[in-house]
$ cat target.txt   # compact mmCIF, C-alpha atoms
# COMPACT_ATOMS: atom_id res chain seq x y z
CA MET B 8 161.27 113.71 -50.05
CA GLN B 9 163.56 115.70 -47.79
CA CYS B 10 167.26 115.95 -48.48
CA PRO B 11 169.37 114.37 -45.73
CA VAL B 12 170.77 116.98 -43.34
CA PRO B 13 174.56 117.27 -43.67
CA ALA B 14 176.84 116.43 -40.77
CA PHE B 15 178.03 120.03 -40.26
CA VAL B 16 174.76 121.21 -38.68
CA GLY B 17 175.56 123.05 -35.47
CA GLU B 18 173.80 124.91 -32.70
CA PRO B 19 170.38 126.48 -33.37
CA GLY B 20 170.85 129.72 -35.31
CA SER B 21 174.39 128.79 -36.45
CA LEU B 22 175.39 128.90 -40.10
CA GLY B 23 175.13 125.10 -40.30
CA ASP B 24 171.67 125.14 -38.73
CA LEU B 25 170.48 127.84 -41.15
CA ALA B 26 171.86 125.85 -44.08
CA ALA B 27 170.06 122.74 -42.88
CA GLN B 28 166.75 124.59 -42.53
CA HIS B 29 166.77 126.75 -45.62
CA ILE B 30 169.01 125.06 -48.16
CA PHE B 31 168.68 121.38 -47.31
CA GLY B 32 165.09 121.82 -46.16
CA ASP B 33 163.11 124.50 -47.97
CA LEU B 34 165.13 124.68 -51.20
CA TRP B 35 165.66 120.94 -51.71
CA ASP B 36 161.99 120.20 -50.95
CA ARG B 37 160.59 122.56 -53.58
CA PRO B 38 158.53 121.01 -56.36
CA GLY B 39 159.67 121.16 -59.96
CA LEU B 40 162.97 119.28 -59.81
CA SER B 41 163.73 115.89 -58.36
CA ARG B 42 166.43 115.56 -55.73
CA ARG B 43 168.64 113.87 -58.35
CA GLU B 44 168.16 116.79 -60.76
CA ARG B 45 168.95 119.28 -57.98
CA ARG B 46 172.12 117.32 -57.22
CA LEU B 47 173.27 117.50 -60.85
CA VAL B 48 172.61 121.24 -61.04
CA THR B 49 174.31 121.86 -57.70
CA LEU B 50 177.37 119.77 -58.60
CA ALA B 51 177.74 121.47 -61.98
CA VAL B 52 177.59 124.91 -60.37
CA LEU B 53 180.04 123.95 -57.62
CA ALA B 54 182.42 122.55 -60.22
CA THR B 55 182.31 125.68 -62.36
CA LEU B 56 182.92 127.80 -59.27
CA GLY B 57 185.94 125.67 -58.39
CA GLN B 58 184.46 124.56 -55.06
CA ASP B 59 186.33 121.26 -55.06
CA ARG B 60 187.73 121.32 -51.51
CA LEU B 61 184.69 121.42 -49.23
CA HIS B 62 181.35 121.85 -50.95
CA ALA B 63 181.71 119.57 -53.97
CA PRO B 64 183.00 116.59 -51.96
CA LEU B 65 180.20 117.11 -49.41
CA HIS B 66 177.55 117.05 -52.17
CA ILE B 67 179.28 114.22 -54.04
CA LYS B 68 179.29 112.08 -50.90
CA ALA B 69 175.62 112.95 -50.26
CA ALA B 70 174.74 112.00 -53.85
CA LEU B 71 176.50 108.65 -53.47
CA ASP B 72 175.13 107.94 -49.99
CA SER B 73 171.55 108.71 -51.04
CA GLY B 74 171.82 106.71 -54.25
CA ASP B 75 170.89 109.76 -56.32
CA LEU B 76 174.02 109.38 -58.45
CA SER B 77 176.52 106.59 -58.99
CA GLU B 78 180.26 107.06 -59.18
CA ALA B 79 180.07 106.38 -62.94
CA GLU B 80 177.47 109.15 -63.33
CA LEU B 81 179.67 111.54 -61.34
CA ARG B 82 182.66 110.70 -63.57
CA GLU B 83 180.52 111.35 -66.65
CA THR B 84 179.44 114.66 -65.10
CA ALA B 85 183.14 115.59 -64.99
CA VAL B 86 183.44 114.82 -68.72
CA GLN B 87 180.43 117.04 -69.47
CA ILE B 88 181.89 119.82 -67.33
CA ALA B 89 185.20 119.56 -69.21
CA TYR B 90 183.59 120.45 -72.52
CA TYR B 91 181.37 123.24 -71.25
CA ALA B 92 183.37 124.79 -68.39
CA GLY B 93 186.95 123.71 -69.08
CA TRP B 94 189.36 120.90 -68.35
CA PRO B 95 190.96 122.37 -65.20
CA LEU B 96 187.58 122.69 -63.46
CA ALA B 97 186.55 119.23 -64.64
CA THR B 98 189.72 117.56 -63.40
CA SER B 99 189.33 119.35 -60.06
CA PHE B 100 185.76 118.02 -59.88
CA ASP B 101 186.94 114.53 -60.79
CA ALA B 102 189.57 114.76 -58.04
CA ALA B 103 186.78 115.81 -55.64
CA VAL B 104 184.99 112.58 -56.60
CA ASP B 105 188.22 110.79 -55.65
CA THR B 106 188.20 112.59 -52.29
CA ALA B 107 184.57 111.70 -51.62
CA THR B 108 185.02 108.06 -52.60
CA GLY B 109 188.42 107.63 -50.95
CA ARG B 110 189.99 106.62 -54.26
CA ARG B 111 193.50 107.49 -55.34
CA THR B 112 193.94 108.10 -59.04
CA GLY B 113 196.57 109.46 -61.38
CA TYR B 114 196.16 113.08 -60.32
CA ASP B 115 198.95 112.74 -57.77
CA LEU B 116 201.21 111.34 -60.49
CA VAL B 117 200.33 114.22 -62.83
CA HIS B 118 201.13 116.69 -60.05
CA ASP B 119 204.49 114.99 -59.45
CA LEU B 120 205.33 115.03 -63.17
CA ALA B 121 204.28 118.66 -63.59
CA SER B 122 206.44 119.83 -60.71
CA GLY B 123 209.47 117.67 -61.52
CA PRO B 124 212.81 118.78 -62.99
CA ALA B 125 211.72 118.21 -66.61
CA ASN B 126 209.40 121.17 -66.33
CA SER B 127 211.81 123.43 -64.53
CA ALA B 128 211.49 127.13 -65.31
CA THR B 129 215.28 127.44 -65.41
CA PRO B 130 216.54 127.52 -69.00
CA PRO B 131 219.43 125.22 -69.90
CA THR B 132 222.90 126.70 -69.62
CA GLU B 133 225.10 127.17 -72.66
CA ALA B 134 227.18 124.13 -71.69
CA GLU B 135 224.01 121.99 -71.57
CA ASP B 136 223.09 123.12 -75.08
CA GLN B 137 226.37 121.80 -76.54
CA PRO B 138 226.47 118.25 -77.95

$ encode --input "target.txt" --output "structure tokens"
Amino acid sequence: MQCPVPAFVGEPGSLGDLAAQHIFGDLWDRPGLSRRERRLVTLAVLATLGQDRLHAPLHIKAALDSGDLSEAELRETAVQIAYYAGWPLATSFDAAVDTATGRRTGYDLVHDLASGPANSATPPTEAEDQP
């Protein structure tokens, strides 16, 4: 059961071609772990490395497209990551699931709230402290 070759594969001998041959070919075809198990391990490692911009969404989309993992299973993976690797990495992974699925969630709202005037680093002036 060969892993589908990602879309970034380029010219023979290019980095994308080498990845397709060695990572998505030789490595993913090894016995001992199912493709689904390899996906879970890979996604957990990518999440803990903070690879939420390129690599995690690529693997998340591949997991969804192949049927190896459902969106619900990916969301639960984020919960598991939160407790073992930390909330910031888990929320970044969860946002990567949003990217891969095309969903928009509350992360944009959280970003807006966190960067708004209520959280300004400027301390109140003396006049603002007076009742």

$ residues_near_point --input "target.txt" --point "(176.4, 115.3, -51.1)" --cutoff "10 Å" --atoms "all atoms listed in the file" --output "JSON, numbers by chain"
{"B": [10, 11, 12, 13, 46, 49, 50, 62, 63, 64, 65, 66, 67, 68, 69, 70, 71, 72, 73, 75, 76, 107]}

$ residues_near_point --input "target.txt" --point "(187.9, 114.4, -66.0)" --cutoff "7 Å" --atoms "all atoms listed in the file" --output "ChimeraX atom specification"
/B:82,85-86,89,97-98,101

$ atom_distance --input "target.txt" --atom1 "CA of Ser99 in chain B" --atom2 "CA of Leu40 in chain B"
26.4 Å

$ axis_aligned_box --input "target.txt" --around "range 28-35 of chain B" --padding-each-side "4 Å" --output "JSON"
{"center_x": 166.1, "center_y": 123.8, "center_z": -47.1, "size_x": 13.9, "size_y": 13.8, "size_z": 17.2}

$ atom_distance --input "target.txt" --atom1 "CA of Pro95 in chain B" --atom2 "CA of Thr108 in chain B"
20.0 Å

$ atom_distance --input "target.txt" --atom1 "CA of Ile30 in chain B" --atom2 "CA of Arg42 in chain B"
12.4 Å

$ decode --input "target.txt" --residues "range 23-61 of chain B" --atoms "N, CA and C atoms" --output "PDB file, in the first residue's frame"
ATOM      1  N   GLY B  23      11.889  17.587  -4.141  1.00  0.00           N
ATOM      2  CA  GLY B  23      10.561  16.976  -4.172  1.00  0.00           C
ATOM      3  C   GLY B  23      10.582  15.560  -4.694  1.00  0.00           C
ATOM      4  N   ASP B  24      11.381  15.316  -5.733  1.00  0.00           N
ATOM      5  CA  ASP B  24      11.499  13.973  -6.298  1.00  0.00           C
ATOM      6  C   ASP B  24      12.136  13.023  -5.284  1.00  0.00           C
ATOM      7  N   LEU B  25      13.183  13.467  -4.610  1.00  0.00           N
ATOM      8  CA  LEU B  25      13.832  12.632  -3.592  1.00  0.00           C
ATOM      9  C   LEU B  25      12.867  12.309  -2.457  1.00  0.00           C
ATOM     10  N   ALA B  26      12.091  13.309  -2.047  1.00  0.00           N
ATOM     11  CA  ALA B  26      11.103  13.081  -0.987  1.00  0.00           C
ATOM     12  C   ALA B  26      10.093  12.039  -1.430  1.00  0.00           C
ATOM     13  N   ALA B  27       9.630  12.158  -2.665  1.00  0.00           N
ATOM     14  CA  ALA B  27       8.639  11.207  -3.176  1.00  0.00           C
ATOM     15  C   ALA B  27       9.196   9.793  -3.191  1.00  0.00           C
ATOM     16  N   GLN B  28      10.445   9.647  -3.623  1.00  0.00           N
ATOM     17  CA  GLN B  28      11.051   8.317  -3.709  1.00  0.00           C
ATOM     18  C   GLN B  28      11.348   7.718  -2.345  1.00  0.00           C
ATOM     19  N   HIS B  29      12.009   8.487  -1.499  1.00  0.00           N
ATOM     20  CA  HIS B  29      12.526   7.933  -0.251  1.00  0.00           C
ATOM     21  C   HIS B  29      11.564   8.040   0.923  1.00  0.00           C
ATOM     22  N   ILE B  30      10.924   9.176   1.065  1.00  0.00           N
ATOM     23  CA  ILE B  30      10.022   9.337   2.203  1.00  0.00           C
ATOM     24  C   ILE B  30       8.667   8.729   1.891  1.00  0.00           C
ATOM     25  N   PHE B  31       8.038   9.196   0.805  1.00  0.00           N
ATOM     26  CA  PHE B  31       6.688   8.736   0.494  1.00  0.00           C
ATOM     27  C   PHE B  31       6.676   7.401  -0.236  1.00  0.00           C
ATOM     28  N   GLY B  32       7.836   6.896  -0.563  1.00  0.00           N
ATOM     29  CA  GLY B  32       7.947   5.573  -1.173  1.00  0.00           C
ATOM     30  C   GLY B  32       8.515   4.586  -0.165  1.00  0.00           C
ATOM     31  N   ASP B  33       9.833   4.582  -0.034  1.00  0.00           N
ATOM     32  CA  ASP B  33      10.518   3.600   0.807  1.00  0.00           C
ATOM     33  C   ASP B  33      10.053   3.624   2.266  1.00  0.00           C
ATOM     34  N   LEU B  34      10.060   4.782   2.889  1.00  0.00           N
ATOM     35  CA  LEU B  34       9.709   4.874   4.311  1.00  0.00           C
ATOM     36  C   LEU B  34       8.260   4.486   4.563  1.00  0.00           C
ATOM     37  N   TRP B  35       7.335   5.048   3.805  1.00  0.00           N
ATOM     38  CA  TRP B  35       5.915   4.803   4.043  1.00  0.00           C
ATOM     39  C   TRP B  35       5.485   3.396   3.662  1.00  0.00           C
ATOM     40  N   ASP B  36       6.296   2.695   2.872  1.00  0.00           N
ATOM     41  CA  ASP B  36       5.970   1.329   2.467  1.00  0.00           C
ATOM     42  C   ASP B  36       6.586   0.265   3.374  1.00  0.00           C
ATOM     43  N   ARG B  37       7.349   0.676   4.372  1.00  0.00           N
ATOM     44  CA  ARG B  37       7.973  -0.302   5.265  1.00  0.00           C
ATOM     45  C   ARG B  37       6.912  -1.076   6.040  1.00  0.00           C
ATOM     46  N   PRO B  38       7.207  -2.331   6.352  1.00  0.00           N
ATOM     47  CA  PRO B  38       6.279  -3.102   7.189  1.00  0.00           C
ATOM     48  C   PRO B  38       6.389  -2.647   8.648  1.00  0.00           C
ATOM     49  N   GLY B  39       5.438  -3.032   9.449  1.00  0.00           N
ATOM     50  CA  GLY B  39       5.525  -2.753  10.880  1.00  0.00           C
ATOM     51  C   GLY B  39       4.516  -1.742  11.385  1.00  0.00           C
ATOM     52  N   LEU B  40       4.200  -0.753  10.574  1.00  0.00           N
ATOM     53  CA  LEU B  40       3.174   0.230  10.916  1.00  0.00           C
ATOM     54  C   LEU B  40       2.255   0.390   9.717  1.00  0.00           C
ATOM     55  N   SER B  41       0.998   0.569   9.989  1.00  0.00           N
ATOM     56  CA  SER B  41       0.062   0.855   8.904  1.00  0.00           C
ATOM     57  C   SER B  41       0.260   2.296   8.446  1.00  0.00           C
ATOM     58  N   ARG B  42      -0.286   2.617   7.296  1.00  0.00           N
ATOM     59  CA  ARG B  42      -0.201   3.997   6.809  1.00  0.00           C
ATOM     60  C   ARG B  42      -0.883   4.945   7.789  1.00  0.00           C
ATOM     61  N   ARG B  43      -2.003   4.537   8.365  1.00  0.00           N
ATOM     62  CA  ARG B  43      -2.721   5.356   9.344  1.00  0.00           C
ATOM     63  C   ARG B  43      -1.845   5.613  10.572  1.00  0.00           C
ATOM     64  N   GLU B  44      -1.183   4.581  11.056  1.00  0.00           N
ATOM     65  CA  GLU B  44      -0.297   4.736  12.216  1.00  0.00           C
ATOM     66  C   GLU B  44       0.870   5.665  11.882  1.00  0.00           C
ATOM     67  N   ARG B  45       1.427   5.513  10.688  1.00  0.00           N
ATOM     68  CA  ARG B  45       2.515   6.413  10.274  1.00  0.00           C
ATOM     69  C   ARG B  45       2.020   7.864  10.201  1.00  0.00           C
ATOM     70  N   ARG B  46       0.794   8.047   9.737  1.00  0.00           N
ATOM     71  CA  ARG B  46       0.239   9.405   9.683  1.00  0.00           C
ATOM     72  C   ARG B  46       0.140  10.010  11.079  1.00  0.00           C
ATOM     73  N   LEU B  47      -0.374   9.243  12.043  1.00  0.00           N
ATOM     74  CA  LEU B  47      -0.502   9.754  13.412  1.00  0.00           C
ATOM     75  C   LEU B  47       0.856  10.123  14.000  1.00  0.00           C
ATOM     76  N   VAL B  48       1.844   9.256  13.810  1.00  0.00           N
ATOM     77  CA  VAL B  48       3.192   9.546  14.321  1.00  0.00           C
ATOM     78  C   VAL B  48       3.739  10.799  13.644  1.00  0.00           C
ATOM     79  N   THR B  49       3.629  10.857  12.337  1.00  0.00           N
ATOM     80  CA  THR B  49       4.155  11.997  11.579  1.00  0.00           C
ATOM     81  C   THR B  49       3.486  13.298  12.005  1.00  0.00           C
ATOM     82  N   LEU B  50       2.160  13.279  12.136  1.00  0.00           N
ATOM     83  CA  LEU B  50       1.443  14.494  12.530  1.00  0.00           C
ATOM     84  C   LEU B  50       1.810  14.929  13.947  1.00  0.00           C
ATOM     85  N   ALA B  51       1.967  13.990  14.854  1.00  0.00           N
ATOM     86  CA  ALA B  51       2.358  14.339  16.224  1.00  0.00           C
ATOM     87  C   ALA B  51       3.746  14.975  16.249  1.00  0.00           C
ATOM     88  N   VAL B  52       4.666  14.420  15.480  1.00  0.00           N
ATOM     89  CA  VAL B  52       6.022  14.978  15.433  1.00  0.00           C
ATOM     90  C   VAL B  52       5.998  16.368  14.796  1.00  0.00           C
ATOM     91  N   LEU B  53       5.296  16.512  13.683  1.00  0.00           N
ATOM     92  CA  LEU B  53       5.220  17.820  13.039  1.00  0.00           C
ATOM     93  C   LEU B  53       4.599  18.861  13.966  1.00  0.00           C
ATOM     94  N   ALA B  54       3.588  18.462  14.701  1.00  0.00           N
ATOM     95  CA  ALA B  54       2.947  19.385  15.644  1.00  0.00           C
ATOM     96  C   ALA B  54       3.917  19.811  16.735  1.00  0.00           C
ATOM     97  N   THR B  55       4.660  18.855  17.286  1.00  0.00           N
ATOM     98  CA  THR B  55       5.570  19.203  18.380  1.00  0.00           C
ATOM     99  C   THR B  55       6.775  19.997  17.891  1.00  0.00           C
ATOM    100  N   LEU B  56       7.058  19.916  16.599  1.00  0.00           N
ATOM    101  CA  LEU B  56       8.123  20.739  16.024  1.00  0.00           C
ATOM    102  C   LEU B  56       7.608  22.102  15.559  1.00  0.00           C
ATOM    103  N   GLY B  57       6.309  22.308  15.671  1.00  0.00           N
ATOM    104  CA  GLY B  57       5.723  23.582  15.259  1.00  0.00           C
ATOM    105  C   GLY B  57       5.682  23.763  13.754  1.00  0.00           C
ATOM    106  N   GLN B  58       5.571  22.687  13.009  1.00  0.00           N
ATOM    107  CA  GLN B  58       5.563  22.729  11.543  1.00  0.00           C
ATOM    108  C   GLN B  58       4.138  22.889  11.017  1.00  0.00           C
ATOM    109  N   ASP B  59       3.469  23.952  11.454  1.00  0.00           N
ATOM    110  CA  ASP B  59       2.048  24.128  11.143  1.00  0.00           C
ATOM    111  C   ASP B  59       1.775  24.950   9.886  1.00  0.00           C
ATOM    112  N   ARG B  60       2.792  25.427   9.216  1.00  0.00           N
ATOM    113  CA  ARG B  60       2.564  26.261   8.025  1.00  0.00           C
ATOM    114  C   ARG B  60       2.581  25.473   6.727  1.00  0.00           C
ATOM    115  N   LEU B  61       3.504  24.555   6.562  1.00  0.00           N
ATOM    116  CA  LEU B  61       3.627  23.825   5.303  1.00  0.00           C
ATOM    117  C   LEU B  61       3.419  22.330   5.508  1.00  0.00           C
TER     118      LEU B  61
END
